[in-house]
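Chemist: What follows is entry-v3.cif, made up of mmCIF, C-alpha atoms and all ligand atoms:
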data_my_file
#
loop_
_atom_site.label_atom_id
_atom_site.label_comp_id
_atom_site.auth_asym_id
_atom_site.auth_seq_id
_atom_site.Cartn_x
_atom_site.Cartn_y
_atom_site.Cartn_z
CA MET C 1482 -16.42 -8.32 -28.83
CA THR C 1483 -13.10 -7.26 -27.43
CA SER C 1484 -11.64 -9.03 -24.48
CA PRO C 1485 -10.67 -6.83 -21.54
CA PRO C 1486 -7.03 -5.98 -21.01
CA GLU C 1487 -5.08 -8.57 -19.10
CA GLU C 1488 -4.53 -6.45 -15.96
CA SER C 1489 -8.22 -5.95 -15.27
CA ASN C 1490 -8.59 -9.72 -15.02
CA SER C 1491 -5.65 -10.34 -12.76
CA SER C 1492 -6.16 -7.61 -10.17
CA ALA C 1493 -8.20 -7.96 -6.98
CA GLN C 1494 -8.08 -11.76 -7.05
CA PRO C 1495 -7.34 -13.27 -3.66
CA PRO C 1496 -4.16 -15.35 -3.71
CA ALA C 1497 -5.26 -18.95 -4.17
CA GLY C 1498 -4.26 -21.61 -1.65
CA GLY C 1499 -2.55 -19.08 0.59
CA GLY C 1500 -0.09 -18.35 -2.22
CA ALA C 1501 1.45 -15.18 -3.70
CA PRO C 1502 2.18 -12.38 -3.13
CA GLY C 1503 3.05 -12.99 0.55
CA GLY C 1504 3.72 -16.68 0.02
CA VAL C 1505 1.88 -19.38 1.94
CA VAL C 1506 0.41 -18.03 5.18
CA GLY C 1507 -0.19 -20.35 8.13
CA VAL C 1508 -1.76 -20.14 11.55
CA LEU C 1509 -0.36 -22.43 14.23
CA ALA C 1510 -3.44 -24.47 15.06
CA LEU C 1511 -2.47 -26.43 18.17
CA GLN C 1512 -4.48 -24.44 20.72
CA GLY C 1513 -5.99 -21.01 21.38
CA ALA C 1514 -7.50 -18.24 19.24
CA VAL C 1515 -6.95 -19.92 15.86
CA ALA C 1516 -10.31 -19.32 14.12
CA PRO C 1517 -10.37 -15.52 14.51
CA HIS C 1518 -6.89 -15.25 12.96
CA LEU C 1519 -7.98 -17.44 10.03
CA ALA C 1520 -10.99 -15.14 9.57
CA ALA C 1521 -8.89 -11.96 9.83
CA LEU C 1522 -6.51 -13.22 7.13
CA ALA C 1523 -9.41 -14.29 4.91
CA GLU C 1524 -10.75 -10.72 5.15
CA LEU C 1525 -7.47 -9.61 3.57
CA GLY C 1526 -7.91 -12.01 0.66
CA VAL C 1527 -5.55 -14.66 2.01
CA ASP C 1528 -6.41 -18.35 2.17
CA PRO C 1529 -4.43 -19.41 5.25
CA VAL C 1530 -3.44 -22.96 6.14
CA GLU C 1531 -3.66 -24.49 9.61
CA VAL C 1532 -0.27 -25.65 10.83
CA ARG C 1533 -0.10 -28.70 13.10
CA THR C 1534 2.71 -30.79 11.64
CA THR C 1535 6.35 -30.37 10.62
CA GLU C 1536 5.31 -30.88 6.97
CA ALA C 1537 2.79 -28.07 7.17
CA LEU C 1538 5.33 -25.85 8.92
CA ALA C 1539 7.92 -26.48 6.20
CA ALA C 1540 5.42 -25.36 3.56
CA VAL C 1541 4.59 -21.92 4.97
CA ASP C 1542 6.37 -18.60 4.47
CA ARG C 1543 4.52 -16.78 7.24
CA LEU C 1544 3.08 -18.01 10.50
CA VAL C 1545 0.74 -16.58 13.11
CA ILE C 1546 1.25 -17.88 16.64
CA PRO C 1547 -2.07 -17.09 18.29
CA GLY C 1548 -3.02 -16.27 21.85
CA GLY C 1549 -4.01 -19.08 24.16
CA GLU C 1550 -2.00 -20.57 26.98
CA SER C 1551 1.73 -20.28 26.43
CA THR C 1552 2.71 -23.27 28.61
CA THR C 1553 0.24 -25.49 26.73
CA LEU C 1554 1.41 -24.16 23.38
CA ASP C 1555 5.01 -24.81 24.37
CA HIS C 1556 4.15 -28.36 25.44
CA LEU C 1557 2.33 -29.09 22.17
CA LEU C 1558 5.10 -27.53 20.07
CA ARG C 1559 7.51 -29.96 21.71
CA THR C 1560 5.33 -33.07 21.48
CA GLU C 1561 4.59 -32.38 17.80
CA GLY C 1562 8.28 -31.82 17.05
CA LEU C 1563 7.62 -28.27 15.86
CA ARG C 1564 9.62 -26.27 18.38
CA GLU C 1565 13.11 -26.65 16.90
CA PRO C 1566 12.18 -26.29 13.21
CA LEU C 1567 10.13 -23.22 14.10
CA ARG C 1568 13.01 -21.67 16.04
CA GLN C 1569 15.50 -22.44 13.27
CA ARG C 1570 13.34 -20.92 10.55
CA ALA C 1571 12.67 -17.84 12.67
CA LEU C 1572 16.36 -17.34 13.34
CA ASP C 1573 17.43 -17.82 9.71
CA ARG C 1574 14.57 -15.45 8.78
CA SER C 1575 12.99 -17.77 6.25
CA LEU C 1576 9.75 -17.50 8.24
CA ALA C 1577 7.90 -14.27 9.01
CA LEU C 1578 6.10 -14.47 12.37
CA PHE C 1579 3.22 -12.74 14.08
CA GLY C 1580 2.90 -13.63 17.77
CA THR C 1581 -0.15 -12.40 19.63
CA CYS C 1582 -0.42 -12.62 23.42
CA ALA C 1583 0.69 -16.20 24.28
CA GLY C 1584 2.40 -16.24 20.87
CA ALA C 1585 4.35 -13.12 21.85
CA ILE C 1586 5.33 -14.73 25.15
CA LEU C 1587 6.83 -17.72 23.32
CA LEU C 1588 8.78 -15.62 20.84
CA GLY C 1589 10.42 -13.36 23.44
CA ARG C 1590 13.83 -13.59 25.07
CA ASP C 1591 14.50 -16.81 26.92
CA ARG C 1592 14.67 -16.59 30.71
CA GLU C 1593 15.30 -18.90 33.62
CA ASP C 1594 12.76 -17.46 36.05
CA GLU C 1595 9.43 -17.99 34.31
CA ARG C 1596 7.91 -20.90 32.40
CA PRO C 1597 7.53 -21.68 29.55
CA ARG C 1598 10.99 -21.65 27.98
CA ARG C 1599 10.94 -18.98 25.26
CA LEU C 1600 12.10 -19.30 21.65
CA GLY C 1601 14.36 -16.23 21.85
CA VAL C 1602 13.40 -14.86 18.44
CA VAL C 1603 12.82 -11.26 19.58
CA ASP C 1604 15.11 -9.40 21.95
CA VAL C 1605 12.51 -8.45 24.56
CA THR C 1606 11.50 -9.86 27.93
CA VAL C 1607 7.81 -10.74 28.09
CA ASP C 1608 6.18 -11.05 31.52
CA ARG C 1609 3.11 -13.27 31.62
CA ASN C 1610 -0.20 -12.24 33.21
CA ALA C 1611 1.38 -8.92 34.04
CA TYR C 1612 -1.58 -6.57 34.54
CA GLY C 1613 -2.66 -7.82 37.96
CA ARG C 1614 -6.08 -8.96 39.11
CA GLN C 1615 -8.04 -5.72 38.78
CA MET C 1616 -6.97 -5.29 35.17
CA ASP C 1617 -6.89 -8.98 34.27
CA SER C 1618 -8.79 -8.52 30.98
CA PHE C 1619 -9.95 -5.27 29.42
CA ILE C 1620 -10.54 -3.41 26.18
CA GLY C 1621 -8.98 -0.01 25.67
CA PRO C 1622 -7.54 2.36 23.11
CA ILE C 1623 -3.98 1.98 21.91
CA GLU C 1624 -1.81 4.62 20.25
CA ALA C 1625 -0.44 3.43 16.90
CA GLU C 1626 2.86 4.71 15.58
CA GLY C 1627 5.48 4.19 12.89
CA ALA C 1628 4.47 1.72 10.21
CA LEU C 1629 0.97 1.35 11.71
CA GLY C 1630 0.11 5.01 11.07
CA ALA C 1631 -1.48 7.44 13.49
CA GLU C 1632 -5.08 6.23 13.91
CA PRO C 1633 -5.61 4.68 17.37
CA LEU C 1634 -6.35 0.96 17.58
CA GLU C 1635 -8.65 -0.98 19.85
CA GLY C 1636 -6.74 -3.25 22.22
CA VAL C 1637 -8.40 -6.41 23.51
CA PHE C 1638 -6.24 -7.56 26.42
CA ILE C 1639 -6.92 -11.01 27.86
CA ARG C 1640 -4.66 -12.03 30.77
CA ALA C 1641 -2.11 -10.15 28.78
CA PRO C 1642 1.65 -10.09 29.11
CA ARG C 1643 3.82 -6.95 29.22
CA PHE C 1644 7.03 -6.18 27.37
CA ARG C 1645 10.13 -5.17 29.30
CA ASP C 1646 13.72 -4.23 28.38
CA ALA C 1647 13.33 -4.21 24.61
CA GLY C 1648 16.71 -4.42 22.87
CA GLU C 1649 18.26 -1.89 20.52
CA GLY C 1650 16.71 -1.62 17.11
CA ILE C 1651 13.27 -2.90 18.07
CA GLU C 1652 10.59 -0.81 16.43
CA VAL C 1653 7.55 0.08 18.53
CA LEU C 1654 4.29 -0.15 16.56
CA ALA C 1655 1.79 0.68 19.30
CA ARG C 1656 1.68 1.86 22.90
CA ARG C 1657 -0.79 1.99 25.72
CA GLY C 1658 -0.09 4.77 28.21
CA GLY C 1659 3.41 5.16 26.81
CA GLU C 1660 4.25 1.47 27.20
CA ALA C 1661 4.94 -0.64 24.08
CA VAL C 1662 2.19 -3.19 23.34
CA ALA C 1663 3.15 -4.05 19.74
CA LEU C 1664 6.62 -4.18 18.27
CA ARG C 1665 8.62 -5.45 15.34
CA GLN C 1666 12.10 -6.86 15.01
CA ALA C 1667 13.32 -8.05 11.62
CA ARG C 1668 10.59 -10.40 10.29
CA THR C 1669 8.65 -10.80 13.52
CA ILE C 1670 5.76 -8.77 14.96
CA LEU C 1671 4.70 -9.25 18.57
CA CYS C 1672 1.69 -7.81 20.31
CA THR C 1673 0.42 -8.29 23.83
CA PHE C 1674 -3.27 -7.91 22.86
CA HIS C 1675 -5.61 -9.69 20.42
CA PRO C 1676 -5.89 -7.73 17.14
CA GLU C 1677 -7.78 -10.63 15.53
CA LEU C 1678 -10.70 -9.91 17.90
CA SER C 1679 -11.08 -6.31 16.64
CA SER C 1680 -12.02 -5.18 13.14
CA ASP C 1681 -8.83 -3.19 12.42
CA ARG C 1682 -6.57 -5.21 10.12
CA ARG C 1683 -3.47 -2.98 10.09
CA LEU C 1684 -1.33 -5.41 12.07
CA HIS C 1685 -2.29 -8.41 9.94
CA ARG C 1686 -1.60 -6.35 6.83
CA LEU C 1687 1.83 -5.39 8.12
CA PHE C 1688 2.55 -9.04 8.87
CA LEU C 1689 1.73 -9.94 5.26
CA ASP C 1690 4.31 -7.33 4.15
CA LEU C 1691 7.19 -8.52 6.37
N1 LIG L 1701 -1.98 -15.63 30.05
C1 LIG L 1701 -1.69 -16.44 28.92
C2 LIG L 1701 -0.33 -17.12 29.03
O1 LIG L 1701 0.36 -16.91 29.96
C3 LIG L 1701 -1.76 -15.63 27.64
C4 LIG L 1701 -3.16 -15.12 27.44
C5 LIG L 1701 -3.56 -14.95 26.02
O2 LIG L 1701 -2.92 -15.43 25.09
N2 LIG L 1701 -4.65 -14.26 25.83
O3 LIG L 1701 0.04 -17.85 28.18
#
Would you kindly transcribe this structure into structure tokens?
Modeler:
Amino acid sequence: MTSPPEESNSSAQPPAGGGAPGGVVGVLALQGAVAPHLAALAELGVDPVEVRTTEALAAVDRLVIPGGESTTLDHLLRTEGLREPLRQRALDRSLALFGTCAGAILLGRDREDERPRRLGVVDVTVDRNAYGRQMDSFIGPIEAEGALGAEPLEGVFIRAPRFRDAGEGIEVLARRGGEAVALRQARTILCTFHPELSSDRRLHRLFLDL
């Protein structure tokens, strides 16, 4: 009996404990659409950790900030002492981030005129609840581009925000009617919709490669 070559044993194994190759992957689990992000990452062979404490935050290399309610998320980030360490690690780029909907709101440019205070990680203004009453929540096709490839995506928009005045050097990953709905700057991806609620995993995959 000959034992199989080493490579055939080591390939296709999901990284244990959220580990290599993308490092430890976390989902901020204070509020909002946490479970569907955990499931989406598990589909990609990742074993994500739920982040609720500064210790858990310090142990992750990548973090999803899910949709939910951005003012509540902001409040909980502050009361749990997570806001500053999160901002620091985002700015020194030791943490890759994926902000969806409320998560994207928090990671945008800070502004005086709309609560909550933003973390200022990505150079884009994000307007909350920006589709108006008639269009409050909807599902529609999205045009992918750049690193996401050419196949359209499904966009699940739930009281979604809109991007405005994106800075130089921000890469658009998807548009709806010509308007950016997913973008990337350095090690952060933002999208205004909920990719975890659709079956397409391109955005999660891209996040694991940041
Ligand atoms: N409207 C919410 C907010 O302002 C975001 C909605 C969502 O995350 N689906 O925070």
Chemist: Please tabulate, as a Markdown table, the residues of chain C that come within 10 Å of ligand LIG 1701 (chain L), each with its closest pair of atoms and the distance in Å to one decimal, counting all atoms listed in the file and ordering rows by chain, then residue number upward.
Modeler:
| residue | atom | partner | partner_atom | distance |
| --- | --- | --- | --- | --- |
| C:Gly1513 | CA | L:LIG1701 | O2 | 7.4 |
| C:Ala1514 | CA | L:LIG1701 | O2 | 7.9 |
| C:Ile1546 | CA | L:LIG1701 | O2 | 9.7 |
| C:Pro1547 | CA | L:LIG1701 | O2 | 7.1 |
| C:Gly1548 | CA | L:LIG1701 | O2 | 3.3 |
| C:Gly1549 | CA | L:LIG1701 | O2 | 3.9 |
| C:Glu1550 | CA | L:LIG1701 | O3 | 3.6 |
| C:Ser1551 | CA | L:LIG1701 | O3 | 3.4 |
| C:Thr1552 | CA | L:LIG1701 | O3 | 6.1 |
| C:Thr1553 | CA | L:LIG1701 | O3 | 7.8 |
| C:Leu1554 | CA | L:LIG1701 | O3 | 8.0 |
| C:Asp1555 | CA | L:LIG1701 | O3 | 9.4 |
| C:Gly1580 | CA | L:LIG1701 | O2 | 9.5 |
| C:Thr1581 | CA | L:LIG1701 | O2 | 6.8 |
| C:Cys1582 | CA | L:LIG1701 | O2 | 4.1 |
| C:Ala1583 | CA | L:LIG1701 | O2 | 3.8 |
| C:Gly1584 | CA | L:LIG1701 | O2 | 6.8 |
| C:Ala1585 | CA | L:LIG1701 | O2 | 8.3 |
| C:Ile1586 | CA | L:LIG1701 | O3 | 6.8 |
| C:Leu1587 | CA | L:LIG1701 | O3 | 8.4 |
| C:Arg1596 | CA | L:LIG1701 | O1 | 8.9 |
| C:Pro1597 | CA | L:LIG1701 | O3 | 8.5 |
| C:Val1607 | CA | L:LIG1701 | O1 | 9.9 |
| C:Asp1608 | CA | L:LIG1701 | O1 | 8.4 |
| C:Arg1609 | CA | L:LIG1701 | O1 | 4.9 |
| C:Asn1610 | CA | L:LIG1701 | N1 | 5.0 |
| C:Ala1611 | CA | L:LIG1701 | N1 | 8.5 |
| C:Asp1617 | CA | L:LIG1701 | N1 | 9.3 |
| C:Ser1618 | CA | L:LIG1701 | N2 | 8.8 |
| C:Val1637 | CA | L:LIG1701 | N2 | 9.0 |
| C:Phe1638 | CA | L:LIG1701 | N2 | 6.9 |
| C:Ile1639 | CA | L:LIG1701 | N2 | 4.5 |
| C:Arg1640 | CA | L:LIG1701 | N1 | 4.5 |
| C:Ala1641 | CA | L:LIG1701 | C4 | 5.3 |
| C:Pro1642 | CA | L:LIG1701 | C3 | 6.7 |
| C:Thr1673 | CA | L:LIG1701 | O2 | 8.0 |
| C:Phe1674 | CA | L:LIG1701 | N2 | 7.1 |
| C:His1675 | CA | L:LIG1701 | N2 | 7.1 |
Chemist: Could you check the closest approach to Gly1589 in chain C for each of C:Glu1632, C:Glu1660, C:Asp1604, C:Asp1681 and tell me which residue wins, using all atoms listed in the file?
Modeler: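 With all atoms listed in the file as the atom set, the closest residue is C:Asp1604.
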Chemist: If we count only C-alpha atoms, what is near Ala1631 in chain C at a cut-off of 12 Å, once residues fewer than 4 positions away on the same chain are taken out, given as a list of chain:residue names?
Modeler: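 Within the cut-off, the hits are C:Ile1623, C:Glu1624, C:Ala1625, C:Glu1626, C:Gly1627, C:Leu1654, C:Ala1655, C:Arg1656, C:Arg1683.
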Chemist: With range 1520-1523 of chain C as the partner and 10 Å as the cut-off, tabulate the residues of range 1632-1680 of chain C that qualify, each row holding the nearest pair of atoms and their distance in Å to one decimal, using all atoms listed in the file, sorted by chain and rising number, as CSV.
Modeler:
residue,atom,partner,partner_atom,distance
C:Pro1676,CA,C:Ala1521,CA,9.0
C:Glu1677,CA,C:Ala1521,CA,6.0
C:Leu1678,CA,C:Ala1521,CA,8.5
C:Ser1679,CA,C:Ala1521,CA,9.1
C:Ser1680,CA,C:Ala1521,CA,8.2
Chemist: Kindly save the residues from that selection, with C-alpha atoms included, as a PDB file, in the coordinates of the input.
Modeler:
ATOM      1  CA  PRO C1676      -5.890  -7.730  17.140  1.00  0.00           C
ATOM      2  CA  GLU C1677      -7.780 -10.630  15.530  1.00  0.00           C
ATOM      3  CA  LEU C1678     -10.700  -9.910  17.900  1.00  0.00           C
ATOM      4  CA  SER C1679     -11.080  -6.310  16.640  1.00  0.00           C
ATOM      5  CA  SER C1680     -12.020  -5.180  13.140  1.00  0.00           C
TER       6      SER C1680
END
Chemist: Between CA of Arg1574 in chain C and CA of Arg1668 in chain C, what is the distance in Å, rounded to a tenth?
Modeler: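 Computing it gives 6.6 Å between the two atoms.
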Chemist: Could you tell me which of C:Asp1542, C:Asp1591, C:Ala1571, C:Phe1619 comes closest to Gly1636 in chain C if we count all atoms listed in the file?
Modeler: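 So, comparing all the options, the nearest one is C:Phe1619.
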Chemist: Please report the interatomic distance between CA of Ala1628 in chain C and CA of Glu1524 in chain C in Å with one decimal.
Modeler: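 Separation between CA of Ala1628 in chain C and CA of Glu1524 in chain C: 20.3 Å.
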Chemist: Take CA of Leu1558 in chain C and CA of Leu1519 in chain C and report the distance between them in Å, one decimal.
Modeler: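 Result for CA of Leu1558 in chain C versus CA of Leu1519 in chain C: 19.3 Å, one decimal.
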